[in-house]
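The file coords_33.cif contains mmCIF, C-alpha atoms:
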data_structure
loop_
_atom_site.label_atom_id
_atom_site.label_comp_id
_atom_site.auth_asym_id
_atom_site.auth_seq_id
_atom_site.Cartn_x
_atom_site.Cartn_y
_atom_site.Cartn_z
CA MET A 1068 87.72 42.52 94.11
CA ASN A 1069 87.28 43.70 97.67
CA LEU A 1070 87.46 41.75 100.91
CA GLN A 1071 83.73 42.10 101.61
CA GLN A 1072 82.94 40.24 98.38
CA VAL A 1073 85.43 37.49 99.26
CA ILE A 1074 83.97 37.09 102.76
CA GLU A 1075 80.45 36.81 101.34
CA LYS A 1076 81.29 34.45 98.46
CA LEU A 1077 83.32 32.08 100.61
CA GLU A 1078 81.09 32.47 103.68
CA LEU A 1079 84.08 33.24 105.89
CA ASN A 1080 83.82 33.83 109.63
CA VAL A 1081 85.29 37.12 110.76
CA LEU A 1082 87.29 36.50 113.94
CA THR A 1083 88.63 40.01 114.49
CA GLU A 1084 86.72 43.26 115.02
CA PRO A 1085 84.27 44.08 112.25
CA ARG A 1086 85.11 46.97 109.95
CA ASP A 1087 84.33 48.15 106.44
CA PHE A 1088 85.83 45.29 104.44
CA SER A 1089 84.56 46.72 101.15
CA THR A 1090 87.32 49.34 101.26
CA ILE A 1091 90.04 46.68 101.38
CA GLU A 1092 91.25 45.68 97.95
CA VAL A 1093 92.42 42.10 97.45
CA THR A 1094 95.25 41.95 94.93
CA GLY A 1095 96.27 38.28 95.05
CA GLY A 1096 96.78 35.28 97.25
CA TYR A 1097 99.42 33.02 98.74
CA THR A 1098 98.97 29.68 100.45
CA SER A 1099 101.52 28.21 102.81
CA ASP A 1100 101.99 27.18 106.41
CA LEU A 1101 105.69 27.98 106.36
CA LEU A 1102 106.17 31.50 107.63
CA SER A 1103 109.42 32.18 105.82
CA CYS A 1104 107.85 31.14 102.54
CA VAL A 1105 104.98 33.52 103.21
CA MET A 1106 107.54 36.22 103.96
CA ALA A 1107 109.03 35.63 100.54
CA GLY A 1108 105.86 34.98 98.58
CA ALA A 1109 102.99 37.03 99.95
CA LYS A 1110 102.69 40.67 99.02
CA THR A 1111 100.79 43.67 100.36
CA GLY A 1112 97.07 43.26 99.71
CA TYR A 1113 97.25 39.48 99.30
CA LEU A 1114 95.07 36.96 101.07
CA TRP A 1115 97.10 34.43 103.01
CA MET A 1116 95.63 30.96 103.34
CA THR A 1117 97.03 28.84 106.15
CA LEU A 1118 96.31 26.14 108.68
CA GLN A 1119 98.46 27.91 111.23
CA ALA A 1120 96.46 29.63 113.93
CA HIS A 1121 99.12 30.61 116.47
CA MET A 1122 100.19 34.10 117.40
CA ASN A 1123 103.16 34.36 115.05
CA ILE A 1124 100.98 34.55 111.96
CA VAL A 1125 99.87 38.00 113.15
CA ALA A 1126 103.41 39.41 113.13
CA VAL A 1127 104.04 38.06 109.63
CA ALA A 1128 100.74 39.43 108.31
CA ALA A 1129 101.35 42.82 109.92
CA LEU A 1130 104.84 43.10 108.44
CA LEU A 1131 103.62 42.16 104.97
CA GLU A 1132 100.38 44.16 105.27
CA VAL A 1133 98.36 41.35 103.73
CA ALA A 1134 94.64 42.04 103.18
CA ALA A 1135 93.65 39.22 105.56
CA ILE A 1136 94.59 35.78 106.82
CA ILE A 1137 92.16 32.99 105.95
CA ILE A 1138 92.59 30.21 108.50
CA SER A 1139 91.38 26.98 106.94
CA GLU A 1140 89.87 23.70 108.21
CA ASP A 1141 88.36 25.48 111.20
CA ALA A 1142 91.66 25.86 113.01
CA GLN A 1143 90.97 28.21 115.92
CA PRO A 1144 93.36 30.94 117.02
CA ASP A 1145 93.30 31.61 120.76
CA GLN A 1146 92.02 34.86 122.24
CA ALA A 1147 95.54 36.29 122.71
CA THR A 1148 96.15 35.86 118.98
CA ILE A 1149 92.85 37.54 118.10
CA ASP A 1150 93.62 40.39 120.52
CA LYS A 1151 97.02 40.91 118.99
CA ALA A 1152 95.53 40.88 115.51
CA ASN A 1153 93.02 43.57 116.52
CA GLN A 1154 95.77 45.62 118.03
CA GLN A 1155 97.94 45.38 114.92
CA GLY A 1156 95.08 45.83 112.48
CA VAL A 1157 95.36 42.33 111.03
CA ILE A 1158 92.13 40.73 109.83
CA LEU A 1159 91.61 37.06 110.76
CA LEU A 1160 89.03 35.04 108.84
CA SER A 1161 88.20 31.37 109.26
CA THR A 1162 86.41 28.65 107.35
CA PRO A 1163 85.88 24.88 107.54
CA ARG A 1164 87.01 24.66 103.88
CA LYS A 1165 90.43 23.30 102.94
CA ASN A 1166 93.17 25.45 101.42
CA PHE A 1167 92.79 23.78 98.01
CA GLU A 1168 89.09 24.58 97.85
CA ILE A 1169 89.59 28.20 99.00
CA ASP A 1170 92.31 28.73 96.40
CA GLY A 1171 90.10 27.28 93.68
CA LYS A 1172 87.19 29.51 94.58
CA LEU A 1173 89.37 32.62 94.79
CA TRP A 1174 90.86 31.82 91.39
CA GLU A 1175 87.34 31.43 89.98
CA MET A 1176 86.46 34.84 91.40
CA GLY A 1177 89.29 36.28 89.35
CA ILE A 1178 91.85 36.67 92.11
CA HIS A 1179 95.16 35.64 90.62
CA ASP A 1180 98.71 36.51 91.56
CA ALA A 1181 99.22 40.19 91.03
CA MET B 880 75.86 61.25 121.96
CA SER B 881 72.77 63.40 122.26
CA PRO B 882 69.97 62.00 124.40
CA LYS B 883 66.86 60.82 122.60
CA THR B 884 64.64 63.12 124.65
CA ARG B 885 65.41 66.14 122.50
CA PRO B 886 64.94 66.84 118.83
CA GLN B 887 68.04 66.76 116.66
CA THR B 888 69.60 70.11 115.83
CA GLU B 889 69.56 71.31 112.26
CA GLN B 890 73.26 70.73 112.10
CA GLU B 891 72.88 67.14 113.26
CA ILE B 892 70.26 66.46 110.62
CA TYR B 893 71.61 68.34 107.65
CA GLY B 894 75.24 68.95 108.44
CA ARG B 895 76.82 72.36 108.32
CA ARG B 896 74.83 75.22 106.82
CA GLY B 897 71.78 73.01 106.93
CA ARG B 898 72.85 70.95 103.94
CA PRO B 899 75.53 68.51 102.95
CA ILE B 900 78.88 70.15 102.53
CA THR B 901 80.32 70.37 99.02
CA ASP B 902 84.00 70.50 98.18
CA GLN B 903 83.61 74.18 97.38
CA ASP B 904 82.02 74.81 100.77
CA ALA B 905 84.82 72.97 102.45
CA HIS B 906 87.28 75.19 100.65
CA ASP B 907 85.44 78.36 101.60
CA ILE B 908 85.00 77.63 105.27
CA SER B 909 87.67 79.25 107.34
CA ARG B 910 88.97 77.43 110.38
CA VAL B 911 87.28 79.90 112.73
CA GLU B 912 83.99 79.38 110.97
CA GLU B 913 84.50 75.65 111.10
CA LEU B 914 85.25 75.83 114.80
CA SER B 915 82.09 77.79 115.49
CA TYR B 916 80.20 74.89 113.96
CA ASP B 917 82.27 72.24 115.71
CA LEU B 918 82.33 73.81 119.14
CA LYS B 919 79.25 73.17 121.20
CA VAL B 920 77.73 75.72 123.55
CA HIS B 921 78.45 73.55 126.60
CA GLU B 922 82.16 73.58 125.73
CA VAL B 923 82.48 77.35 126.01
CA MET B 924 79.75 78.38 128.48
CA ALA B 925 80.37 79.45 132.07
CA THR B 926 79.04 76.89 134.51
CA GLU B 927 79.60 78.84 137.72
CA LEU B 928 76.18 80.33 138.02
CA ARG B 929 75.09 83.42 139.87
CA THR B 930 71.34 83.57 140.16
CA ALA B 931 68.64 85.64 141.78
CA SER B 932 65.27 84.66 143.23
CA PRO B 933 61.95 86.39 142.38
CA ASP B 934 61.43 87.88 145.84
CA MET B 935 64.99 89.13 146.22
CA PRO B 936 65.21 92.95 146.49
CA LEU B 937 66.87 94.60 143.52
CA SER B 938 69.56 96.09 145.76
CA GLU B 939 70.77 92.58 146.48
CA VAL B 940 70.85 91.76 142.75
CA LEU B 941 72.84 94.89 142.13
CA GLU B 942 75.38 93.65 144.68
CA ILE B 943 75.59 90.25 142.90
CA LEU B 944 76.16 92.01 139.57
CA ARG B 945 78.73 94.34 141.08
CA ILE B 946 80.73 91.55 142.73
CA GLY B 947 80.54 89.29 139.71
CA ARG B 948 81.12 92.21 137.32
CA ILE B 949 78.30 90.95 135.18
CA SER B 950 75.32 92.64 133.60
CA GLY B 951 72.54 90.17 134.34
CA VAL B 952 71.53 86.98 136.13
CA PRO B 953 68.83 84.37 135.60
CA VAL B 954 66.06 84.24 138.15
CA LEU B 955 65.31 80.86 139.66
CA GLN B 956 62.33 79.67 141.64
CA ASP B 957 62.55 76.10 142.98
CA ASP B 958 65.30 75.37 140.48
CA GLU B 959 63.08 76.47 137.64
CA MET B 960 64.15 79.46 135.53
CA VAL B 961 61.35 82.00 135.64
CA GLY B 962 63.10 85.02 134.18
CA ILE B 963 66.24 87.06 133.80
CA ILE B 964 67.16 90.32 135.50
CA SER B 965 69.69 92.71 133.99
CA LEU B 966 71.31 96.02 134.85
CA GLU B 967 69.00 97.61 132.35
CA ASP B 968 65.97 96.31 134.28
CA ILE B 969 67.45 97.69 137.50
CA VAL B 970 68.08 101.10 135.96
CA HIS B 971 64.47 101.01 134.85
CA ALA B 972 63.39 100.17 138.43
CA MET B 973 65.50 102.97 139.93
CA TYR B 974 63.83 105.41 137.60
CA LYS B 975 60.33 104.23 138.60
CA GLY B 976 60.39 103.04 142.20
CA GLY B 977 63.41 101.94 144.11
CA LEU B 978 65.92 99.25 144.80
CA GLU B 979 63.82 97.66 147.55
CA GLU B 980 61.32 96.35 145.03
CA PRO B 981 61.41 92.57 144.36
CA VAL B 982 63.08 91.09 141.32
CA SER B 983 59.81 89.58 140.07
CA LYS B 984 58.42 93.04 139.41
CA TYR B 985 61.07 94.09 136.90
CA MET B 986 62.58 90.89 135.52
CA THR B 987 62.12 89.84 131.92
CA ARG B 988 59.91 86.77 131.92
CA GLU B 989 60.30 85.69 128.33
CA VAL B 990 63.82 84.51 128.42
CA VAL B 991 65.77 83.92 125.25
CA THR B 992 67.90 80.81 125.80
CA VAL B 993 70.26 78.64 123.85
CA ALA B 994 70.59 74.86 124.26
CA ASN B 995 73.85 73.41 125.55
CA TYR B 996 74.04 70.84 122.72
CA GLU B 997 73.77 73.47 119.98
CA SER B 998 76.84 74.62 118.10
CA VAL B 999 78.39 77.95 118.99
CA VAL B 1000 77.24 79.37 115.66
CA LYS B 1001 73.66 78.96 116.85
CA ALA B 1002 74.49 81.06 119.92
CA ILE B 1003 76.11 83.72 117.73
CA GLU B 1004 72.94 83.80 115.64
CA THR B 1005 70.80 84.18 118.73
CA PHE B 1006 73.02 86.98 120.04
CA THR B 1007 72.68 88.80 116.74
CA LEU B 1008 68.91 88.39 116.46
CA SER B 1009 68.12 89.18 120.09
CA ARG B 1010 70.77 91.89 120.52
CA LEU B 1011 71.43 90.47 123.95
CA GLY B 1012 74.83 90.30 125.59
CA ARG B 1013 74.38 87.13 127.63
CA LEU B 1014 72.18 84.10 127.25
CA PRO B 1015 71.16 81.46 129.76
CA VAL B 1016 72.08 77.96 128.56
CA VAL B 1017 69.55 75.18 129.09
CA ASP B 1018 69.72 71.43 128.60
CA GLU B 1019 67.21 69.28 126.72
CA ASN B 1020 64.87 69.40 129.73
CA ASN B 1021 64.98 73.19 129.66
CA LYS B 1022 66.94 73.24 132.88
CA LEU B 1023 69.47 76.04 133.42
CA VAL B 1024 73.01 74.67 133.13
CA GLY B 1025 75.13 77.74 132.39
CA MET B 1026 75.51 81.21 130.92
CA ILE B 1027 77.16 82.24 127.70
CA THR B 1028 78.49 85.61 126.54
CA LYS B 1029 80.14 86.64 123.30
CA GLY B 1030 83.37 86.80 125.27
CA ASP B 1031 83.00 83.11 126.20
CA ILE B 1032 82.69 82.27 122.52
CA THR B 1033 85.74 84.30 121.53
CA ARG B 1034 87.74 82.67 124.31
CA GLY B 1035 86.49 79.19 123.35
CA ILE B 1036 87.48 79.67 119.73
CA LEU B 1037 90.89 81.05 120.65
CA VAL B 1038 91.56 78.07 122.93
CA ALA B 1039 90.47 75.66 120.19
CA LEU B 1040 92.67 77.44 117.64
CA GLN B 1041 95.61 77.26 120.01
CA LYS B 1042 95.03 73.51 120.45
CA ASP B 1043 94.79 73.15 116.68
CA TYR B 1044 98.03 74.97 116.27
CA GLN B 1045 99.84 72.80 118.78
CA GLU B 1046 98.56 69.61 117.18
CA GLU B 1047 99.68 70.89 113.81
CA GLU B 1048 103.11 71.67 115.24
CA VAL B 1049 103.41 68.18 116.71
CA ARG B 1050 102.27 66.60 113.47
CA ARG B 1051 104.57 68.71 111.40
CA TYR B 1052 107.52 67.88 113.55
CA ARG B 1053 107.47 64.32 112.40
CA ALA B 1054 110.49 62.20 112.92
CA SER B 1055 111.20 62.46 109.21
CA HIS B 1056 112.83 65.80 109.87
CA LEU B 1057 115.19 64.26 112.34
CA PHE B 1058 118.06 63.84 109.95
CA GLN B 1059 117.61 67.31 108.50
CA ASP B 1060 117.57 68.94 111.90
CA ILE B 1061 120.64 67.28 113.27
CA ILE B 1062 123.74 68.60 111.58
CA SER B 1063 126.82 66.51 112.06
CA ASP B 1064 129.47 64.82 110.00
CA ARG B 1065 127.81 61.54 110.66
CA THR B 1066 124.38 61.07 112.22
CA THR B 1067 123.35 57.57 113.26
CA LEU B 1068 120.18 56.49 114.94
CA VAL B 1069 120.61 53.24 116.83
CA MET B 1070 117.76 51.03 117.98
CA ARG B 1071 118.57 48.07 120.14
CA TYR B 1072 116.27 45.20 121.10
CA ASN B 1073 116.92 42.36 123.54
CA ILE B 1074 115.43 39.18 122.12
CA GLN B 1075 114.65 36.29 124.46
CA ALA B 1076 115.16 32.69 123.37
CA ARG B 1077 111.93 30.71 122.83
CA ASP B 1078 109.80 33.84 123.36
CA PHE B 1079 107.43 33.01 120.52
CA ASN B 1080 104.66 35.19 121.94
CA HIS B 1081 106.72 38.30 121.28
CA GLY B 1082 108.12 37.03 117.99
CA GLY B 1083 108.02 39.81 115.41
CA ASN B 1084 107.58 42.61 117.95
CA ALA B 1085 111.01 44.10 117.35
CA SER B 1086 110.52 43.96 113.58
CA SER B 1087 107.14 45.66 113.76
CA HIS B 1088 108.57 48.38 116.01
CA ILE B 1089 111.41 48.86 113.55
CA LYS B 1090 109.02 49.00 110.64
CA ARG B 1091 106.98 51.69 112.39
CA ALA B 1092 110.10 53.66 113.27
CA LEU B 1093 111.36 53.59 109.69
CA THR B 1094 107.98 54.69 108.39
CA ARG B 1095 108.01 57.61 110.83
CA LEU B 1096 111.51 58.47 109.74
CA GLY B 1097 110.14 58.83 106.25
CA ALA B 1098 111.90 55.82 104.71
CA ASP B 1099 110.81 54.62 101.29
CA PRO B 1100 108.07 51.93 101.74
CA GLN B 1101 110.00 49.41 99.66
CA ILE B 1102 113.08 49.81 101.83
CA THR B 1103 110.98 49.63 104.98
CA ARG B 1104 109.47 46.40 103.74
CA ARG B 1105 112.81 44.81 102.86
CA CYS B 1106 114.16 45.86 106.21
CA GLY B 1107 111.08 44.47 107.98
CA ILE B 1108 111.41 41.03 106.40
CA ALA B 1109 115.17 40.77 107.02
CA VAL B 1110 114.82 41.88 110.62
CA TYR B 1111 111.90 39.53 111.22
CA GLU B 1112 113.87 36.51 110.05
CA ALA B 1113 116.87 37.55 112.15
CA GLU B 1114 114.65 38.10 115.17
CA MET B 1115 113.00 34.69 114.79
CA ASN B 1116 116.42 33.04 114.44
CA LEU B 1117 117.40 34.48 117.81
CA ILE B 1118 114.16 33.18 119.32
CA ILE B 1119 114.30 29.74 117.70
CA HIS B 1120 117.96 28.82 117.63
CA THR B 1121 119.96 30.61 120.32
CA ASP B 1122 120.71 29.31 123.81
CA ASN B 1123 120.13 32.62 125.59
CA GLY B 1124 118.59 34.91 123.02
CA GLY B 1125 120.57 37.86 121.71
CA ILE B 1126 120.68 41.48 120.74
CA LEU B 1127 119.13 42.88 117.60
CA LYS B 1128 120.46 46.25 116.53
CA LEU B 1129 119.39 48.60 113.82
CA GLU B 1130 121.46 51.59 112.78
CA VAL B 1131 119.89 54.15 110.54
CA GLU B 1132 122.11 56.55 108.64
CA PRO B 1133 121.17 58.87 105.80
CA HIS B 1134 122.78 56.60 103.23
CA ARG B 1135 122.25 53.12 104.66
CA ILE B 1136 120.51 50.93 107.21
CA THR B 1137 122.59 48.39 109.11
CA MET B 1138 120.91 45.48 110.86
CA SER B 1139 122.87 43.19 113.11
CA THR B 1140 122.32 40.44 115.62
CA ILE B 1141 124.70 38.99 118.12
CA ASP B 1142 124.23 35.95 120.34
CA ASP B 1143 126.36 33.71 122.58
CA GLY B 1144 125.60 30.33 121.17
CA PRO B 1145 125.32 27.61 120.18
CA GLY B 1146 126.97 28.80 116.93
CA ILE B 1147 126.62 27.46 113.41
CA PRO B 1148 128.93 24.55 112.44
CA ASP B 1149 128.64 24.97 108.68
CA ILE B 1150 127.67 28.44 107.46
CA ALA B 1151 127.52 27.46 103.77
CA GLN B 1152 125.06 24.73 104.64
CA ALA B 1153 123.03 27.12 106.77
CA LEU B 1154 122.70 29.40 103.76
CA THR B 1155 121.34 26.57 101.56
CA PRO B 1156 117.63 27.06 100.81
CA GLY B 1157 115.57 24.48 102.68
CA TYR B 1158 118.27 23.52 105.16
CA SER B 1159 117.10 23.82 108.74
CA THR B 1160 118.04 22.57 112.17
CA ALA B 1161 114.70 23.54 113.71
CA THR B 1162 113.01 21.05 116.01
CA GLU B 1163 109.83 19.26 115.04
CA GLN B 1164 107.90 21.36 117.54
CA VAL B 1165 109.09 24.61 116.00
CA ARG B 1166 108.43 23.31 112.49
CA GLU B 1167 104.84 22.60 113.44
CA MET B 1168 104.42 26.31 114.05
CA GLY B 1169 105.52 26.98 110.51
CA PHE B 1170 109.11 27.93 111.26
CA GLY B 1171 112.15 25.99 110.18
CA ALA B 1172 111.43 26.11 106.47
CA GLY B 1173 115.12 26.64 105.93
CA MET B 1174 114.36 29.88 104.15
CA GLY B 1175 115.21 32.43 106.82
CA LEU B 1176 118.74 33.28 105.75
CA VAL B 1177 117.69 32.98 102.11
CA ASN B 1178 114.99 35.58 102.69
CA MET B 1179 117.40 37.89 104.47
CA LYS B 1180 119.89 37.66 101.62
CA ARG B 1181 117.15 38.46 99.15
CA CYS B 1182 116.13 41.59 101.03
CA VAL B 1183 119.47 43.19 101.83
CA ASP B 1184 122.42 44.46 99.81
CA THR B 1185 125.13 42.80 101.88
CA LEU B 1186 125.00 39.97 104.40
CA GLU B 1187 127.85 38.70 106.52
CA LEU B 1188 127.51 35.81 108.91
CA ASP B 1189 130.26 34.87 111.35
CA SER B 1190 129.93 32.03 113.77
CA THR B 1191 131.98 29.93 116.14
CA VAL B 1192 130.50 26.79 117.65
CA GLY B 1193 130.30 27.17 121.41
CA LYS B 1194 130.81 30.92 121.21
CA GLY B 1195 128.01 32.38 119.18
CA SER B 1196 127.08 34.08 115.94
CA LYS B 1197 127.24 37.57 114.47
CA LEU B 1198 125.02 38.58 111.61
CA LEU B 1199 125.50 41.85 109.74
CA MET B 1200 123.15 43.03 107.02
CA ARG B 1201 123.08 46.32 105.15
CA ILE B 1202 120.60 48.05 102.93
CA ILE B 1203 121.99 50.92 100.90
CA ILE B 1204 119.60 53.83 100.49
CA PRO B 1205 119.89 54.87 96.85
CA SER B 1206 120.69 58.55 96.37
CA GLN B 1207 117.88 59.02 93.84
CA THR B 1208 115.35 57.86 96.44
CA LEU B 1209 114.58 61.14 98.09
CA THR B 1210 113.39 59.82 101.39
CA GLY B 1211 113.26 61.75 104.61
CA ILE B 1212 116.27 59.82 105.75
CA ARG B 1213 118.31 60.53 102.67
CA GLU B 1214 117.52 64.22 102.71
CA GLY B 1215 119.40 64.56 105.93
CA GLN B 1216 122.72 63.86 104.35
CA LYS B 1217 125.01 66.83 104.26
#

Could you quickly redo this structure as structure tokens?
Amino acid sequence: MNLQQVIEKLELNVLTEPRDFSTIEVTGGYTSDLLSCVMAGAKTGYLWMTLQAHMNIVAVAALLEVAAIIISEDAQPDQATIDKANQQGVILLSTPRKNFEIDGKLWEMGIHDA
Amino acid sequence: MSPKTRPQTEQEIYGRRGRPITDQDAHDISRVEELSYDLKVHEVMATELRTASPDMPLSEVLEILRIGRISGVPVLQDDEMVGIISLEDIVHAMYKGGLEEPVSKYMTREVVTVANYESVVKAIETFTLSRLGRLPVVDENNKLVGMITKGDITRGILVALQKDYQEEEVRRYRASHLFQDIISDRTTLVMRYNIQARDFNHGGNASSHIKRALTRLGADPQITRRCGIAVYEAEMNLIIHTDNGGILKLEVEPHRITMSTIDDGPGIPDIAQALTPGYSTATEQVREMGFGAGMGLVNMKRCVDTLELDSTVGKGSKLLMRIIIPSQTLTGIREGQK
């Protein structure tokens, strides 16, 4: 499953610079708003679902090299956060959906914990 | 890049050799050949132009050629190229009439040109077919913009090769050779970062710099990742919990990586409690940002081989973490060991 398919299926908004998402393989997912838990639980290539939209999510995502961050319930990161994400190559996606719904849909698409 | 006013070159439409390149082609193409496709005429041509006018006497042209040590010049009338006059034409004129005759009488009117946006290989082709030694270069509006000789091409390719070579040298001298190149009884690379308290906007910067440095040093990705997580948690602790921030230090040695932080307060009253998963003293405000899960030290412990935490209330804390680089992991770092 690649990121382009996920973006299309879940109708996600791409907040960072567009690029070829079909080359990015999604290997699993992790949902949490606690950064240390994400540090422990999310792996390279995972999608990270969170309500957090502040700048520190970018550093965590960059360190872990997650496939993308899906920011739920329409939480809006500020421009500085988006700029930093672009600079560090982190993909920010957003959706009005709730974490539970996103997780369910991803699971249905066959994305399970790797 | 090319303006829409001109037709695309064959190379632009079909790629090299007028067709898509196969793996075999790619293998067969030498770097010089590749460069002659990559380099464009305008990159190698001479732009300092010497020109003649149609009514100029040939003696004057001869002087231009002599001073410039060239064998021919384009002839311009009102900025428009109307021909080219060469030494050969002048010799011809000397034989027939004299050097006081005007250029227009002996110049070649059908000028073979090459376009500035074409690849150098196109110019080479034109040189070969026309048996000429120098070609006027025109832009898409057929306006004269330069001159090109075979010598210009040779020079252009040599310069490009030299640049290639330097880039290759720089790339090859990656930091991963650092530990091999430095011979000592003990080589240590120390990176030190000053972390400001409450500086959430730069939270994670030190860890991402460290991660990049380790990658460049050729560290095993798994070790880089463990190091990144441990350092991130330590960095955030300095930002979240200290009075005045602190110093984060990373020491890289061929056989181990040592990460340490030191701060001047407030200190941890109960270290055992601090190491309990889920225990946190973070403020509500910090927790709202997703910190203060009480998992920071737990994560660090999970990622490193040894962790020591010393703290005195009112004085500060010292954290020391080590990752041992296994000898069977032949990383760039490890290779440096004597």

Check your understanding: Residues at most 12 Å from Asn1021 (chain B), counting all atoms listed in the file, excluding those fewer than 2 positions away in the same chain, as a ChimeraX atom specification?
Key -> /B:884-885,958-961,990-996,1015-1019,1023-1025

List every residue of region 1098-1179 of chain A that has an atom at most 12 Å from any atom of region 1095-1100 of chain B, giving for each one its closest atom pair and the distance in Å to one decimal, counting all atoms listed in the file, sorted by chain and then by ascending residue number, as a Markdown table.
| residue | atom | partner | partner_atom | distance |
| --- | --- | --- | --- | --- |
| A:Thr1111 | CA | B:Pro1100 | CA | 11.1 |
| A:Leu1130 | CA | B:Pro1100 | CA | 11.5 |
| A:Leu1131 | CA | B:Pro1100 | CA | 11.2 |
| A:Glu1132 | CA | B:Pro1100 | CA | 11.5 |

Which residues of chain B come within 9 Å of chain A, and for each one, what is the closest pair of atoms and their distance in Å to one decimal, counting all atoms listed in the file, sorted by chain and residue number, as JSON lines?
{"residue": "B:Phe1079", "atom": "CA", "partner": "A:Asn1123", "partner_atom": "CA", "distance": 7.1}
{"residue": "B:Asn1080", "atom": "CA", "partner": "A:Met1122", "partner_atom": "CA", "distance": 6.5}
{"residue": "B:His1081", "atom": "CA", "partner": "A:Asn1123", "partner_atom": "CA", "distance": 8.2}
{"residue": "B:Gly1082", "atom": "CA", "partner": "A:Asn1123", "partner_atom": "CA", "distance": 6.4}
{"residue": "B:Gly1083", "atom": "CA", "partner": "A:Ala1126", "partner_atom": "CA", "distance": 5.2}
{"residue": "B:Asn1084", "atom": "CA", "partner": "A:Ala1126", "partner_atom": "CA", "distance": 7.1}
{"residue": "B:Ser1086", "atom": "CA", "partner": "A:Leu1130", "partner_atom": "CA", "distance": 7.7}
{"residue": "B:Ser1087", "atom": "CA", "partner": "A:Leu1130", "partner_atom": "CA", "distance": 6.3}
{"residue": "B:Lys1090", "atom": "CA", "partner": "A:Leu1130", "partner_atom": "CA", "distance": 7.6}
{"residue": "B:Arg1104", "atom": "CA", "partner": "A:Leu1131", "partner_atom": "CA", "distance": 7.3}
{"residue": "B:Gly1107", "atom": "CA", "partner": "A:Leu1130", "partner_atom": "CA", "distance": 6.4}
{"residue": "B:Ile1108", "atom": "CA", "partner": "A:Met1106", "partner_atom": "CA", "distance": 6.6}
{"residue": "B:Tyr1111", "atom": "CA", "partner": "A:Val1127", "partner_atom": "CA", "distance": 8.2}
{"residue": "B:Glu1112", "atom": "CA", "partner": "A:Ser1103", "partner_atom": "CA", "distance": 7.5}
{"residue": "B:Arg1166", "atom": "CA", "partner": "A:Leu1101", "partner_atom": "CA", "distance": 8.2}
{"residue": "B:Glu1167", "atom": "CA", "partner": "A:Gln1119", "partner_atom": "CA", "distance": 8.6}
{"residue": "B:Met1168", "atom": "CA", "partner": "A:Gln1119", "partner_atom": "CA", "distance": 6.8}
{"residue": "B:Gly1169", "atom": "CA", "partner": "A:Leu1101", "partner_atom": "CA", "distance": 4.3}
{"residue": "B:Phe1170", "atom": "CA", "partner": "A:Leu1102", "partner_atom": "CA", "distance": 5.9}
{"residue": "B:Gly1171", "atom": "CA", "partner": "A:Leu1101", "partner_atom": "CA", "distance": 7.8}
{"residue": "B:Ala1172", "atom": "CA", "partner": "A:Leu1101", "partner_atom": "CA", "distance": 6.0}
{"residue": "B:Gly1173", "atom": "CA", "partner": "A:Ser1103", "partner_atom": "CA", "distance": 7.9}
{"residue": "B:Met1174", "atom": "CA", "partner": "A:Ser1103", "partner_atom": "CA", "distance": 5.7}
{"residue": "B:Gly1175", "atom": "CA", "partner": "A:Ser1103", "partner_atom": "CA", "distance": 5.9}
{"residue": "B:Asn1178", "atom": "CA", "partner": "A:Ala1107", "partner_atom": "CA", "distance": 6.3}
{"residue": "B:Arg1181", "atom": "CA", "partner": "A:Ala1107", "partner_atom": "CA", "distance": 8.7}

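We find CA of Arg1065 (chain B) and CA of Met1138 (chain B) to be spaced 17.5 Å apart.
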
Point to revise | Contacts of Ile1136 (chain B) within 7 Å, only C-alpha atoms, excl. fewer than 4 positions in-chain, as a VMD selection string | key: chain B and resid 1130 to 1132 1201 to 1203

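For the file shown, the residue list from the PyMOL selection byres ((chain B and resi 1140) around 7) reads Gly1125, Ile1126, Leu1127, Lys1128, Ser1139, Ile1141, Asp1142, Lys1197, Leu1198 and Leu1199 of chain B.
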
Give, as AutoDock Vina command-line options, the centre coordinates and the x, y and z edge lengths in Å to one decimal for an axis-aligned box around all listed atoms of region 1148-1165 of chain B, padded by 3 Å on each side.
--center_x 118.4 --center_y 24.3 --center_z 109.2 --size_x 27.0 --size_y 16.1 --size_z 22.7

Exercise for review: Could you tell me how far CA of Met1068 (chain A) lies from CA of Asp1180 (chain A), in Å and to one decimal?
Suggested key: 12.8 Å

Review point. So how many Å separate CA of Ile1062 (chain B) and CA of His1088 (chain B), to one decimal?
Key: 25.7 Å

Exercise for review: Given the file shown, determine the residues that the PyMOL selection byres ((chain A and resi 1167) around 12) selects; report them as a PyMOL selection string.
Suggested key: chain A and resi 1097-1099+1116-1118+1139-1140+1163-1166+1168-1174

Point to revise | the PyMOL selection byres ((chain B and resi 1161) around 8) applied to the shown file, residues as a list of chain:residue names | key: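 Answer for the PyMOL selection byres ((chain B and resi 1161) around 8): B:Ile1119, B:His1120, B:Ser1159, B:Thr1160, B:Thr1162, B:Glu1163, B:Val1165, B:Arg1166, B:Phe1170, B:Gly1171.
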
Near Thr1090 (chain A), counting only C-alpha atoms, which residues have an atom at most 10 Å away, once you skip same-chain residues fewer than 6 positions from it, shown as a CSV table (one decimal) with C-alpha atoms, keeping the file's coordinate frame?
chain,number,residue,atom,x,y,z
A,1068,MET,CA,87.7,42.5,94.1
A,1069,ASN,CA,87.3,43.7,97.7
A,1070,LEU,CA,87.5,41.8,100.9
A,1071,GLN,CA,83.7,42.1,101.6

Exercise for review: Find the spatial neighbours of Thr1162 (chain A), counting only C-alpha atoms, within a cut-off of 10 Å - ignore same-chain residues fewer than 6 positions away - and output them as a ChimeraX atom specification.
Suggested key: /A:1074,1077-1081,1137-1143,1169
